[in-house]
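S.K.: One file is attached below, run.csv, containing CSV, C-alpha atoms and all ligand atoms.
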chain,number,residue,atom,x,y,z
U,5,MET,CA,0.0,0.0,0.0
U,6,ARG,CA,1.1,3.5,-0.7
U,7,ARG,CA,2.0,5.4,2.5
U,8,ILE,CA,1.3,9.1,3.3
U,9,TRP,CA,1.8,11.3,6.3
U,10,TRP,CA,-0.9,13.8,7.1
U,11,THR,CA,-0.1,17.0,9.0
U,12,TRP,CA,-1.2,20.4,10.2
U,13,ASP,CA,1.7,22.9,10.0
U,14,LEU,CA,0.9,24.3,13.5
U,15,ARG,CA,0.9,20.9,15.2
U,16,ILE,CA,4.1,19.5,13.7
U,17,ARG,CA,7.0,18.7,16.1
U,18,TRP,CA,9.9,17.3,14.0
U,19,ALA,CA,11.7,20.6,14.9
U,20,TRP,CA,11.2,23.4,17.3
U,21,GLY,CA,8.6,26.1,17.1
U,22,PHE,CA,5.3,24.6,15.7
U,23,SER,CA,5.9,26.4,12.3
U,24,ALA,CA,5.5,29.7,14.1
U,25,ASP,CA,8.0,31.3,11.6
U,26,ALA,CA,9.7,30.5,8.3
U,27,ARG,CA,12.7,28.9,9.9
U,28,SER,CA,10.6,26.5,12.1
U,29,PHE,CA,8.2,25.6,9.2
U,30,ILE,CA,11.2,24.8,6.9
U,31,ASP,CA,13.1,22.9,9.6
U,32,ASN,CA,10.0,20.9,10.6
U,33,TYR,CA,9.1,19.7,7.1
U,34,ARG,CA,12.7,19.1,6.0
U,35,ALA,CA,13.1,16.8,9.0
U,36,ALA,CA,9.9,15.0,8.2
U,37,VAL,CA,11.0,14.6,4.5
U,38,ASP,CA,14.3,13.2,5.6
U,39,ALA,CA,12.5,10.6,7.8
U,40,ALA,CA,9.9,9.7,5.3
U,41,ALA,CA,12.1,7.1,3.5
U,42,ARG,CA,12.5,5.1,6.7
U,43,TYR,CA,8.9,4.2,6.6
U,44,GLY,CA,8.3,4.1,2.8
U,45,VAL,CA,6.3,7.4,3.1
U,46,GLU,CA,5.8,8.7,-0.5
U,47,GLY,CA,4.2,12.0,0.4
U,48,ILE,CA,3.3,14.5,3.1
U,49,VAL,CA,-0.1,16.2,3.3
U,50,ILE,CA,0.4,19.8,4.6
U,51,TRP,CA,-2.6,21.8,5.8
U,52,GLY,CA,-1.4,25.3,6.3
U,53,PHE,CA,1.1,25.0,3.4
U,54,LEU,CA,0.8,28.7,2.8
U,55,ARG,CA,0.7,31.2,5.6
U,56,ASP,CA,2.3,34.7,5.8
U,57,SER,CA,3.3,33.9,9.4
U,58,HIS,CA,5.7,31.2,8.3
U,59,GLY,CA,7.2,32.7,5.2
U,60,GLY,CA,4.4,32.5,2.6
U,61,VAL,CA,5.3,31.6,-0.9
U,62,ASP,CA,9.1,31.6,-0.4
U,63,ALA,CA,9.2,29.2,2.6
U,64,ALA,CA,6.6,26.9,0.9
U,65,ARG,CA,8.7,26.8,-2.2
U,66,ARG,CA,11.8,25.9,-0.2
U,67,VAL,CA,9.9,23.0,1.4
U,68,ALA,CA,8.4,21.8,-1.9
U,69,ASP,CA,11.7,22.0,-3.7
U,70,TYR,CA,13.5,20.1,-0.8
U,71,ALA,CA,10.9,17.3,-0.9
U,72,HIS,CA,10.8,17.2,-4.7
U,73,GLU,CA,14.6,16.8,-4.9
U,74,ARG,CA,14.3,13.8,-2.5
U,75,GLY,CA,11.4,12.1,-4.3
U,76,VAL,CA,8.9,12.9,-1.6
U,77,LEU,CA,5.5,14.4,-2.6
U,78,VAL,CA,4.3,17.5,-0.9
U,79,LEU,CA,0.5,17.4,-1.0
U,80,PRO,CA,-0.9,20.8,0.1
U,81,GLY,CA,-4.3,20.9,1.7
U,82,VAL,CA,-6.8,22.7,-0.5
U,83,GLY,CA,-10.0,23.8,1.2
U,84,ILE,CA,-13.1,24.4,-0.9
U,85,ASP,CA,-15.4,26.8,0.8
U,86,THR,CA,-13.5,26.3,4.0
U,87,TYR,CA,-9.9,26.0,5.3
U,88,GLY,CA,-8.6,29.0,3.4
U,89,GLY,CA,-8.7,27.9,-0.2
U,90,VAL,CA,-5.1,27.3,-1.4
U,91,TYR,CA,-3.6,30.1,0.8
U,92,TYR,CA,-4.5,29.3,4.3
U,93,ASP,CA,-3.7,32.6,6.0
U,94,GLY,CA,-2.3,35.8,4.7
U,95,GLN,CA,-2.6,38.8,2.4
U,96,SER,CA,-2.7,37.0,-0.9
U,97,PRO,CA,-5.0,37.1,-4.0
U,98,TRP,CA,-5.3,33.3,-3.5
U,99,SER,CA,-6.5,33.5,0.1
U,100,LEU,CA,-10.2,32.5,0.4
U,101,ASP,CA,-10.6,35.0,3.3
U,102,CYS,CA,-9.3,37.9,1.2
U,103,TRP,CA,-11.6,37.0,-1.7
U,104,LEU,CA,-14.7,36.6,0.6
U,105,ARG,CA,-14.0,40.0,2.2
U,106,GLU,CA,-14.3,41.5,-1.3
U,107,HIS,CA,-17.4,39.5,-2.1
U,108,PRO,CA,-19.7,39.5,0.9
U,109,ASP,CA,-22.5,37.9,-1.0
U,110,ALA,CA,-20.4,34.7,-1.2
U,111,VAL,CA,-19.9,34.4,2.6
U,112,ALA,CA,-21.7,31.4,4.2
U,113,ARG,CA,-24.3,32.2,6.9
U,114,LYS,CA,-25.0,30.8,10.4
U,115,PRO,CA,-28.6,30.0,11.2
U,116,ASP,CA,-29.0,33.5,12.6
U,117,GLY,CA,-27.8,35.1,9.4
U,118,SER,CA,-24.5,36.2,10.7
U,119,PRO,CA,-21.2,35.5,8.7
U,120,PHE,CA,-19.9,32.0,9.3
U,121,THR,CA,-16.3,31.9,10.7
U,122,PHE,CA,-14.3,29.2,12.4
U,123,ARG,CA,-10.8,28.5,13.9
U,124,TRP,CA,-8.7,25.3,13.5
U,125,PRO,CA,-6.4,23.8,14.6
U,126,ALA,CA,-7.0,24.7,18.2
U,127,THR,CA,-3.6,26.4,18.5
U,128,ASP,CA,-4.4,28.7,15.6
U,129,LYS,CA,-5.6,32.1,16.9
U,130,THR,CA,-6.6,33.4,13.4
U,131,GLU,CA,-10.1,33.1,12.1
U,132,ARG,CA,-11.2,31.7,8.8
U,133,MET,CA,-14.3,32.7,6.8
U,134,VAL,CA,-16.5,30.1,5.1
U,135,GLY,CA,-17.7,30.3,1.5
U,136,CYS,CA,-21.3,29.5,0.5
U,137,PRO,CA,-21.3,26.2,-1.4
U,138,SER,CA,-24.2,27.4,-3.5
U,139,HIS,CA,-22.2,30.4,-4.8
U,140,GLU,CA,-21.3,29.5,-8.4
U,141,PRO,CA,-18.8,32.4,-9.1
U,142,LEU,CA,-16.6,31.1,-6.2
U,143,MET,CA,-15.8,28.1,-8.4
U,144,ALA,CA,-13.9,30.3,-10.9
U,145,PHE,CA,-11.8,31.6,-8.0
U,146,TYR,CA,-11.0,28.0,-7.0
U,147,ARG,CA,-10.1,27.0,-10.5
U,148,GLU,CA,-7.7,30.0,-10.8
U,149,SER,CA,-6.3,29.4,-7.3
U,150,ILE,CA,-5.5,25.7,-8.1
U,151,ASP,CA,-3.9,26.7,-11.4
U,152,TRP,CA,-1.7,29.2,-9.6
U,153,LEU,CA,-0.7,26.6,-6.9
U,154,ILE,CA,0.3,24.1,-9.5
U,155,GLU,CA,2.2,26.6,-11.6
U,156,THR,CA,4.0,28.1,-8.6
U,157,PHE,CA,5.4,25.1,-6.8
U,158,ARG,CA,6.9,21.8,-7.8
U,159,LEU,CA,3.9,19.6,-6.9
U,160,ARG,CA,2.6,16.2,-8.1
U,161,GLY,CA,-0.6,16.3,-6.1
U,162,LEU,CA,-2.7,17.7,-3.3
U,163,GLN,CA,-5.4,16.9,-0.9
U,164,ILE,CA,-8.7,18.6,-1.4
U,165,GLU,CA,-11.9,18.7,0.7
U,166,GLN,CA,-15.2,20.5,0.9
U,167,GLY,CA,-14.8,20.8,4.7
U,168,ASP,CA,-16.3,19.6,7.9
U,169,VAL,CA,-17.0,22.9,9.7
U,170,GLY,CA,-20.7,23.1,9.2
U,171,LEU,CA,-23.5,24.0,6.8
U,172,CYS,CA,-24.4,27.3,5.2
U,173,TRP,CA,-27.8,28.6,6.2
U,174,CYS,CA,-28.3,31.3,3.5
U,175,ASP,CA,-31.6,31.2,1.6
U,176,ARG,CA,-29.9,29.5,-1.4
U,177,CYS,CA,-28.5,26.7,0.7
U,178,ARG,CA,-31.7,26.2,2.8
U,179,ALA,CA,-33.6,25.6,-0.4
U,180,ARG,CA,-31.4,22.7,-1.4
U,181,LYS,CA,-31.6,19.0,-0.5
U,182,ARG,CA,-28.7,18.2,1.9
U,183,THR,CA,-27.6,14.7,2.8
U,184,PRO,CA,-25.4,14.5,5.9
U,185,CYS,CA,-22.3,12.3,5.8
U,186,PRO,CA,-23.0,8.9,7.4
U,187,LYS,CA,-20.4,8.7,10.1
U,188,ARG,CA,-21.0,7.8,13.7
U,189,CYS,CA,-19.4,10.8,15.3
U,190,GLN,CA,-20.9,14.2,15.6
U,191,ILE,CA,-19.0,15.5,12.5
U,192,THR,CA,-21.7,14.0,10.3
U,193,GLU,CA,-24.0,16.9,10.9
U,194,ARG,CA,-21.3,19.3,9.5
U,195,VAL,CA,-20.7,17.6,6.1
U,196,CYS,CA,-23.1,17.8,3.1
U,197,LEU,CA,-22.7,15.2,0.5
U,198,GLU,CA,-24.4,17.2,-2.3
U,199,ASP,CA,-21.9,20.0,-1.7
U,200,MET,CA,-19.0,17.6,-1.9
U,201,ALA,CA,-20.3,15.9,-5.1
U,202,THR,CA,-20.9,19.2,-6.8
U,203,ARG,CA,-17.9,21.3,-5.9
U,204,LEU,CA,-15.0,18.8,-6.0
U,205,PRO,CA,-15.1,16.7,-9.1
U,206,PRO,CA,-14.5,19.5,-11.7
U,207,LEU,CA,-11.6,20.8,-9.7
U,208,ILE,CA,-10.0,17.4,-9.4
U,209,ALA,CA,-10.5,16.8,-13.1
U,210,ARG,CA,-8.7,20.0,-13.8
U,211,VAL,CA,-5.7,18.9,-11.8
U,212,LEU,CA,-5.6,15.5,-13.4
U,213,GLU,CA,-5.9,16.9,-16.9
U,214,ARG,CA,-2.7,18.9,-16.3
U,215,ASP,CA,-1.0,15.9,-14.7
U,216,PRO,CA,-2.6,12.5,-15.2
U,217,GLN,CA,-0.2,11.0,-12.6
U,218,ALA,CA,-1.0,13.5,-9.9
U,219,THR,CA,-1.9,12.1,-6.5
U,220,VAL,CA,-5.2,13.7,-5.5
U,221,LEU,CA,-6.7,12.8,-2.2
U,222,VAL,CA,-10.2,13.7,-1.1
U,223,GLU,CA,-11.2,13.7,2.5
U,224,ASN,CA,-14.7,12.2,2.7
U,225,TYR,CA,-15.2,12.3,6.5
U,226,CYS,CA,-16.8,8.9,6.2
U,227,GLY,CA,-16.1,5.3,7.2
U,228,LEU,CA,-16.3,2.1,5.2
U,229,LEU,CA,-19.1,0.3,7.0
U,230,LYS,CA,-21.7,-0.9,4.5
U,231,SER,CA,-24.4,1.3,6.1
U,232,GLN,CA,-22.1,4.3,5.3
U,233,THR,CA,-20.9,3.4,1.8
U,234,ASP,CA,-24.5,2.7,0.7
U,235,VAL,CA,-25.2,6.3,1.4
U,236,ILE,CA,-22.1,8.0,0.1
U,237,GLY,CA,-21.5,5.7,-2.9
U,238,PRO,CA,-23.9,7.4,-5.3
U,239,PHE,CA,-22.3,10.7,-4.6
U,240,LEU,CA,-18.9,9.5,-5.9
U,241,ALA,CA,-20.1,8.8,-9.4
U,242,GLY,CA,-19.0,12.2,-10.8
U,243,PHE,CA,-15.4,12.0,-9.4
U,244,PRO,CA,-12.6,11.1,-11.8
U,245,ARG,CA,-11.7,7.5,-11.2
U,246,ARG,CA,-8.1,8.4,-10.4
U,247,THR,CA,-9.2,10.2,-7.3
U,248,TRP,CA,-8.0,8.7,-4.0
U,249,HIS,CA,-10.9,8.7,-1.7
U,250,CYS,CA,-9.9,8.8,2.0
U,251,TRP,CA,-11.9,6.6,4.4
U,252,GLN,CA,-11.6,7.0,8.1
U,253,ALA,CA,-10.7,3.7,9.8
U,254,TYR,CA,-11.5,4.7,13.4
U,255,ASP,CA,-11.2,7.4,15.9
U,256,ALA,CA,-8.6,6.5,18.5
U,257,PRO,CA,-8.7,4.5,20.7
U,258,GLY,CA,-10.6,2.2,18.4
U,259,LEU,CA,-14.2,2.9,17.5
U,260,PHE,CA,-14.0,1.2,14.1
U,261,ASP,CA,-15.7,2.4,10.9
U,262,ILE,CA,-14.5,-0.5,8.9
U,263,ASP,CA,-15.1,-4.2,9.2
U,264,GLU,CA,-14.8,-7.5,7.3
U,265,SER,CA,-17.7,-6.7,5.0
U,266,SER,CA,-16.3,-3.3,4.0
U,267,ARG,CA,-15.6,-2.6,0.3
U,268,SER,CA,-14.3,0.5,-1.3
U,269,PRO,CA,-17.1,2.3,-3.3
U,270,GLY,CA,-14.4,4.3,-5.3
U,271,ALA,CA,-11.9,3.0,-7.8
U,272,ARG,CA,-9.1,4.1,-5.5
U,273,GLY,CA,-9.1,4.3,-1.8
U,274,CYS,CA,-6.9,5.4,1.1
U,275,LEU,CA,-7.4,4.3,4.7
U,276,ALA,CA,-7.1,7.3,7.0
U,277,ILE,CA,-5.7,6.2,10.3
U,278,ARG,CA,-6.4,9.0,12.7
U,279,THR,CA,-4.4,8.3,15.9
U,280,ASN,CA,-1.3,9.3,17.9
U,281,ASN,CA,-1.6,13.1,17.8
U,282,ASP,CA,-2.8,16.0,19.9
U,283,ILE,CA,-6.5,15.5,19.1
U,284,PHE,CA,-6.4,12.0,20.7
U,285,GLY,CA,-4.4,13.0,23.8
U,286,GLY,CA,-0.9,12.9,22.5
U,287,GLU,CA,1.4,9.9,22.1
U,288,LEU,CA,-0.5,6.6,22.1
U,289,ASP,CA,0.7,3.1,21.6
U,290,ASP,CA,-1.9,2.1,19.0
U,291,ARG,CA,-0.2,-0.7,17.2
U,292,ALA,CA,-3.0,-3.3,17.7
U,293,ASN,CA,-5.6,-1.0,16.1
U,294,ILE,CA,-3.3,0.1,13.3
U,295,THR,CA,-2.6,-3.5,12.4
U,296,ARG,CA,-6.2,-4.6,12.5
U,297,ALA,CA,-7.3,-1.5,10.4
U,298,LEU,CA,-4.8,-2.2,7.6
U,299,ALA,CA,-5.8,-5.8,7.4
U,300,LEU,CA,-9.4,-4.7,7.0
U,301,ALA,CA,-8.4,-2.1,4.5
U,302,ALA,CA,-6.7,-4.7,2.3
U,303,GLY,CA,-10.0,-6.7,2.4
U,304,ALA,CA,-11.9,-3.6,1.3
U,305,GLY,CA,-9.6,-3.1,-1.7
U,306,LEU,CA,-7.7,0.0,-0.5
U,307,GLU,CA,-4.3,0.6,-1.9
U,308,MET,CA,-3.1,3.6,0.1
U,309,THR,CA,-3.0,4.6,3.8
U,310,TYR,CA,-2.2,7.7,5.6
U,311,ILE,CA,-1.5,8.3,9.3
U,312,TYR,CA,-0.7,11.5,11.2
U,313,GLY,CA,2.9,12.3,10.7
U,314,GLU,CA,3.1,15.3,13.1
U,315,TYR,CA,5.2,13.6,15.8
U,316,PRO,CA,8.9,12.9,15.3
U,317,ASP,CA,10.2,9.3,15.3
U,318,ALA,CA,12.7,10.2,18.0
U,319,TRP,CA,9.7,9.5,20.3
U,320,PRO,CA,9.7,5.8,20.9
U,321,THR,CA,6.0,5.2,21.0
U,322,THR,CA,5.5,7.2,17.8
U,323,ARG,CA,8.4,5.4,16.1
U,324,ALA,CA,6.8,2.0,17.1
U,325,ASN,CA,3.5,3.1,15.6
U,326,TYR,CA,5.2,4.2,12.3
U,327,GLU,CA,7.1,1.0,12.1
U,328,THR,CA,4.0,-1.1,12.7
U,329,TRP,CA,1.9,1.0,10.2
U,330,SER,CA,4.6,0.7,7.6
U,331,ALA,CA,5.1,-3.0,8.0
U,332,ALA,CA,1.4,-3.7,8.0
U,333,ALA,CA,1.0,-1.6,4.8
U,334,VAL,CA,3.7,-3.6,3.1
U,335,ALA,CA,2.0,-6.8,4.2
U,336,ALA,CA,-1.4,-5.7,3.1
U,337,ARG,CA,-2.4,-7.1,-0.3
U,338,PRO,CA,-5.8,-5.8,-1.5
U,339,THR,CA,-8.0,-8.7,-2.2
U,340,ALA,CA,-10.4,-6.8,-4.5
U,341,PRO,CA,-9.2,-6.4,-8.1
U,342,THR,CA,-7.1,-3.4,-8.9
U,343,PRO,CA,-9.0,-1.2,-11.4
U,344,ASP,CA,-7.3,-0.6,-14.7
U,345,LEU,CA,-7.2,3.2,-15.1
U,346,THR,CA,-4.7,3.4,-17.9
U,347,GLY,CA,-7.2,4.2,-20.6
U,348,GLU,CA,-9.0,6.8,-18.5
U,349,ARG,CA,-8.5,10.5,-19.5
U,350,ALA,CA,-8.7,11.9,-16.0
N,401,ZN,ZN,-25.2,29.3,1.2
Transcribe the structure of this file into C-alpha cells.
Ligand SMILES: [Zn+2]

M.R.:
Amino acid sequence: MRRIWWTWDLRIRWAWGFSADARSFIDNYRAAVDAAARYGVEGIVIWGFLRDSHGGVDAARRVADYAHERGVLVLPGVGIDTYGGVYYDGQSPWSLDCWLREHPDAVARKPDGSPFTFRWPATDKTERMVGCPSHEPLMAFYRESIDWLIETFRLRGLQIEQGDVGLCWCDRCRARKRTPCPKRCQITERVCLEDMATRLPPLIARVLERDPQATVLVENYCGLLKSQTDVIGPFLAGFPRRTWHCWQAYDAPGLFDIDESSRSPGARGCLAIRTNNDIFGGELDDRANITRALALAAGAGLEMTYIYGEYPDAWPTTRANYETWSAAAVAARPTAPTPDLTGERA
C-alpha cells in the first residue's frame, strides 16, 4: 500500500517552534521529509502549506523543492469553501478569506444570518471565513487558485476537501436538499454530500488533466461500513476514477468504521488512520488497532493509507506506531481487483 503522512503545520513537532515562523516551518518539514524514507512514506499532506506567518510563498517553495529533490511528494491541503482555499492565512489574492471580504454575498451564513467563521487547529488564533457552497462564481476563484498553486510550486498532487466545519444557512442553501455524511461521530451533521459531489469533481478533473499521474486525495469524512458506503457511494459517481478517496478507519482509541464486509465504493481508496496526535491526547501506543485496520483495508480493496505524521520518530511510542503501520501496509495485499485506469482520461 502507498503510504502518506498527514499533518497540520501548527501541530508538527519534528523541529522546534510549531511552524511559528519560516525557519521553524522549513526545519520541521525538512526533518519529516528526511525521515519519510525510513517508513516508505511517499508524500506528506500539509494543511497550512501557505501562511504569511511562516514565510508565505518563499518558505513553501523551499519545502516543496527540498521534498521534490528527494522524491517525496508535498500534498498541500486545499479547502473548498473552508480552510482558506489554497492560501491558508495571509494577504494573498489566493486567500479565500481575502476573496470573501471583497465578495460578501459569497460568505456562508450561520442559522441566525451572521457571517460564518471558524478556527482550526485549536492552537491557531486566526479566524477563517467560510464560503457559501451554492455560490457559483466562487468556483472560478477556486479554478484559478489551483492553477496558480500548480504553476508556482513543484507539486505532483494535493489533498482537497469541501470541509467539515458546518452547513451554510443562506436562503440558497436552505432551499437545497442536503444529505449528511453517514459517520457515527458528531461531525456528520457538518458535512453535506451534495456540496462535496458538486464542488470537488470538476476541480479534481482539472488537476488530473494537467498531470494525469498527480496524486489527488479527497477527505470524505466517512467510514467504510456498508451502512455508510451505501449512502455515500452514489455521490462518488461524478469523481474522476483516479481520485484517491480517504476513508476513516476509526477514531482512537478504536471505535472502528471499517469491518470485514467493507468494500471501497471508489476505484481508488486510502485508509485514514487518525491516531497518535494532539486530538487524541498525544502519544498513544496504537499498534494493535493500526494492524487490524490495515488488514481490514486490504480486504476492502484499498491501496493507500495515511497516518498522522506530526510527531517525530525520536519519540519511541511514535516510532513504534510508524514501524507497525509501515510493515502492515507492506504486508497488506488488496483482495479486491485493482482497477485498470490506464485508458482513463482523468
Ligand atoms: Zn449558502

S.K.: Taking all atoms listed in the file into account, list the residues no farther than 9 Å from ligand ZN 401 (chain N), as a PyMOL selection string.

M.R.: chain U and resi 110-113+135-139+171-178

S.K.: Taking all atoms listed in the file into account, which of U:Met5, U:Ile164, U:Val78, U:Ala324 comes nearest U:Thr247?

M.R.: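 Of U:Met5, U:Ile164, U:Val78, U:Ala324, the one nearest U:Thr247, counting all atoms listed in the file, is U:Ile164.
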
S.K.: Would you tabulate, counting all atoms listed in the file, all residues of stretch 150-257 of chain U that have an atom at most 12 Å from an atom of stretch 268-280 of chain U, showing the closest pair of atoms and their distance in Å to one decimal, sorted by chain then ascending number, as a tab-separated table?

M.R.:
residue	atom	partner	partner_atom	distance
U:Gln163	CA	U:Cys274	CA	11.8
U:Thr219	CA	U:Arg272	CA	10.8
U:Val220	CA	U:Arg272	CA	10.4
U:Leu221	CA	U:Cys274	CA	8.1
U:Val222	CA	U:Cys274	CA	9.2
U:Glu223	CA	U:Ala276	CA	8.8
U:Asn224	CA	U:Ala276	CA	10.0
U:Tyr225	CA	U:Ala276	CA	9.5
U:Cys226	CA	U:Ala276	CA	9.9
U:Gly227	CA	U:Leu275	CA	9.1
U:Leu228	CA	U:Ser268	CA	7.0
U:Leu229	CA	U:Ser268	CA	9.6
U:Lys230	CA	U:Ser268	CA	9.5
U:Ser231	CA	U:Pro269	CA	11.9
U:Gln232	CA	U:Pro269	CA	10.1
U:Thr233	CA	U:Pro269	CA	6.5
U:Asp234	CA	U:Pro269	CA	8.4
U:Val235	CA	U:Pro269	CA	10.2
U:Ile236	CA	U:Pro269	CA	8.3
U:Gly237	CA	U:Pro269	CA	5.6
U:Pro238	CA	U:Pro269	CA	8.7
U:Phe239	CA	U:Pro269	CA	10.0
U:Leu240	CA	U:Gly270	CA	6.9
U:Ala241	CA	U:Gly270	CA	8.3
U:Gly242	CA	U:Gly270	CA	10.7
U:Phe243	CA	U:Gly270	CA	8.8
U:Pro244	CA	U:Ala271	CA	9.1
U:Arg245	CA	U:Ala271	CA	5.6
U:Arg246	CA	U:Arg272	CA	6.6
U:Thr247	CA	U:Arg272	CA	6.4
U:Trp248	CA	U:Arg272	CA	5.0
U:His249	CA	U:Gly273	CA	4.8
U:Cys250	CA	U:Cys274	CA	4.6
U:Trp251	CA	U:Leu275	CA	5.1
U:Gln252	CA	U:Ala276	CA	4.6
U:Ala253	CA	U:Ile277	CA	5.6
U:Tyr254	CA	U:Arg278	CA	6.7
U:Asp255	CA	U:Arg278	CA	6.0
U:Ala256	CA	U:Thr279	CA	5.3
U:Pro257	CA	U:Thr279	CA	7.5

S.K.: Mind dumping a table of every stretch 150-193 of chain U residue within 10 Å of stretch 88-102 of chain U, with the nearest atom pair and its distance in Å to one decimal, using only C-alpha atoms, sorted by chain and rising number, as JSON lines?

M.R.:
{"residue": "U:Ile150", "atom": "CA", "partner": "U:Val90", "partner_atom": "CA", "distance": 6.9}
{"residue": "U:Trp152", "atom": "CA", "partner": "U:Trp98", "partner_atom": "CA", "distance": 8.2}
{"residue": "U:Leu153", "atom": "CA", "partner": "U:Val90", "partner_atom": "CA", "distance": 7.1}
{"residue": "U:Ile164", "atom": "CA", "partner": "U:Gly89", "partner_atom": "CA", "distance": 9.4}
{"residue": "U:Glu165", "atom": "CA", "partner": "U:Gly89", "partner_atom": "CA", "distance": 9.8}
{"residue": "U:Gln166", "atom": "CA", "partner": "U:Gly89", "partner_atom": "CA", "distance": 9.9}

S.K.: For each of U:Thr130, U:Met308, U:Ile84, U:Lys181, take the minimum atom-to-atom distance to U:Pro205, counting only C-alpha atoms, then give the residue where this is smallest.

M.R.: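 Result for the nearest residue to U:Pro205: U:Ile84.
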
S.K.: Return the single residue from U:Ser28, U:Ser57, U:Asn281, U:Ser118 that is closest to U:Arg15, with distances computed using all atoms listed in the file.

M.R.: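 Under the stated criterion, the closest residue is U:Asn281.
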
S.K.: Quick check, in Å to one decimal: how far apart do atom CA of U:Gly167 and atom CA of U:Pro141 lie?

M.R.: 18.5 Å

S.K.: Restricting the calculation to only C-alpha atoms: of U:Trp18, U:Ala126, U:Tyr87, U:Arg132, which residue gets closest to U:Arg105?

M.R.: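 Of U:Trp18, U:Ala126, U:Tyr87, U:Arg132, the one nearest U:Arg105 is U:Arg132, counting only C-alpha atoms.
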
S.K.: For U:Ile154, which residue out of U:Asp199, U:Glu140, U:Asp128, U:Asp215 is the nearest one, using only C-alpha atoms?

M.R.: U:Asp215

S.K.: Which polymer residues have any atom within 8 Å of an atom of U:Val195, counting all atoms listed in the file, with same-chain residues fewer than 2 positions away left out, as a ChimeraX atom specification?

M.R.: /U:167-171,184-185,191-193,197,225

S.K.: Could you tell me which of U:Gly303, U:Gly313, U:Pro216, U:Gly52 comes closest to U:Trp9 if we count only C-alpha atoms?

M.R.: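 Smallest distance to U:Trp9 is found for U:Gly313.
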
S.K.: Quick one: residues within 12 Å of U:Ile48, all atoms listed in the file counted, chain neighbours fewer than 6 positions away excluded, as a tab-separated table (two decimals) with C-alpha atoms, in the frame of the given file?

M.R.:
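Result written to selection_15.tsv:
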chain	number	residue	atom	x	y	z
U	6	ARG	CA	1.10	3.50	-0.70
U	7	ARG	CA	2.00	5.40	2.50
U	8	ILE	CA	1.30	9.10	3.30
U	9	TRP	CA	1.80	11.30	6.30
U	10	TRP	CA	-0.90	13.80	7.10
U	11	THR	CA	-0.10	17.00	9.00
U	12	TRP	CA	-1.20	20.40	10.20
U	13	ASP	CA	1.70	22.90	10.00
U	16	ILE	CA	4.10	19.50	13.70
U	32	ASN	CA	10.00	20.90	10.60
U	33	TYR	CA	9.10	19.70	7.10
U	34	ARG	CA	12.70	19.10	6.00
U	35	ALA	CA	13.10	16.80	9.00
U	36	ALA	CA	9.90	15.00	8.20
U	37	VAL	CA	11.00	14.60	4.50
U	38	ASP	CA	14.30	13.20	5.60
U	39	ALA	CA	12.50	10.60	7.80
U	40	ALA	CA	9.90	9.70	5.30
U	41	ALA	CA	12.10	7.10	3.50
U	67	VAL	CA	9.90	23.00	1.40
U	68	ALA	CA	8.40	21.80	-1.90
U	71	ALA	CA	10.90	17.30	-0.90
U	72	HIS	CA	10.80	17.20	-4.70
U	75	GLY	CA	11.40	12.10	-4.30
U	76	VAL	CA	8.90	12.90	-1.60
U	77	LEU	CA	5.50	14.40	-2.60
U	78	VAL	CA	4.30	17.50	-0.90
U	79	LEU	CA	0.50	17.40	-1.00
U	80	PRO	CA	-0.90	20.80	0.10
U	81	GLY	CA	-4.30	20.90	1.70
U	159	LEU	CA	3.90	19.60	-6.90
U	160	ARG	CA	2.60	16.20	-8.10
U	161	GLY	CA	-0.60	16.30	-6.10
U	162	LEU	CA	-2.70	17.70	-3.30
U	163	GLN	CA	-5.40	16.90	-0.90
U	219	THR	CA	-1.90	12.10	-6.50
U	221	LEU	CA	-6.70	12.80	-2.20
U	309	THR	CA	-3.00	4.60	3.80
U	310	TYR	CA	-2.20	7.70	5.60
U	311	ILE	CA	-1.50	8.30	9.30
U	312	TYR	CA	-0.70	11.50	11.20
U	313	GLY	CA	2.90	12.30	10.70
U	314	GLU	CA	3.10	15.30	13.10

S.K.: Between stretch 103-194 of chain U and stretch 20-25 of chain U, at 12 Å or less, what are the per-residue closest atom pairs and their distances in Å? Count all atoms listed in the file, order by chain and rising residue number, and return it as a tab-separated table.

M.R.:
residue	atom	partner	partner_atom	distance
U:Pro125	CA	U:Phe22	CA	11.8
U:Thr127	CA	U:Phe22	CA	9.5
U:Asp128	CA	U:Ala24	CA	10.1
U:Lys129	CA	U:Ala24	CA	11.7

S.K.: Write out as a list in words each polymer residue whose atoms come within 12 Å of U:Pro320, counting all atoms listed in the file; drop sequence neighbours fewer than 5 positions from it.

M.R.: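 Residues near the query, excluding close chain neighbours: Asn280, Glu287, Leu288, Asp289, Tyr315, Asn325, Tyr326 and Glu327 of chain U.
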
S.K.: Add whatever atoms are absent from stretch 231-238 of chain U to reach N, CA and C atoms, and provide the output as an mmCIF file, in the frame of the given file.

M.R.:
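Result written to result-v7.cif:
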data_model
loop_
_atom_site.group_PDB
_atom_site.id
_atom_site.type_symbol
_atom_site.label_atom_id
_atom_site.label_comp_id
_atom_site.auth_asym_id
_atom_site.auth_seq_id
_atom_site.Cartn_x
_atom_site.Cartn_y
_atom_site.Cartn_z
ATOM 1 N N SER U 231 -23.297 0.327 5.847
ATOM 2 C CA SER U 231 -24.400 1.300 6.100
ATOM 3 C C SER U 231 -23.926 2.707 5.656
ATOM 4 N N GLN U 232 -22.620 2.950 5.711
ATOM 5 C CA GLN U 232 -22.100 4.300 5.300
ATOM 6 C C GLN U 232 -21.841 4.359 3.825
ATOM 7 N N THR U 233 -21.228 3.320 3.273
ATOM 8 C CA THR U 233 -20.900 3.400 1.800
ATOM 9 C C THR U 233 -22.171 3.299 0.976
ATOM 10 N N ASP U 234 -23.229 2.669 1.502
ATOM 11 C CA ASP U 234 -24.500 2.700 0.700
ATOM 12 C C ASP U 234 -25.017 4.079 0.552
ATOM 13 N N VAL U 235 -24.750 4.947 1.531
ATOM 14 C CA VAL U 235 -25.200 6.300 1.400
ATOM 15 C C VAL U 235 -24.321 7.174 0.567
ATOM 16 N N ILE U 236 -23.021 7.071 0.800
ATOM 17 C CA ILE U 236 -22.100 8.000 0.100
ATOM 18 C C ILE U 236 -21.772 7.508 -1.314
ATOM 19 N N GLY U 237 -21.885 6.210 -1.564
ATOM 20 C CA GLY U 237 -21.500 5.700 -2.900
ATOM 21 C C GLY U 237 -22.038 6.416 -4.062
ATOM 22 N N PRO U 238 -23.361 6.658 -4.127
ATOM 23 C CA PRO U 238 -23.900 7.400 -5.300
ATOM 24 C C PRO U 238 -23.324 8.758 -5.511
#
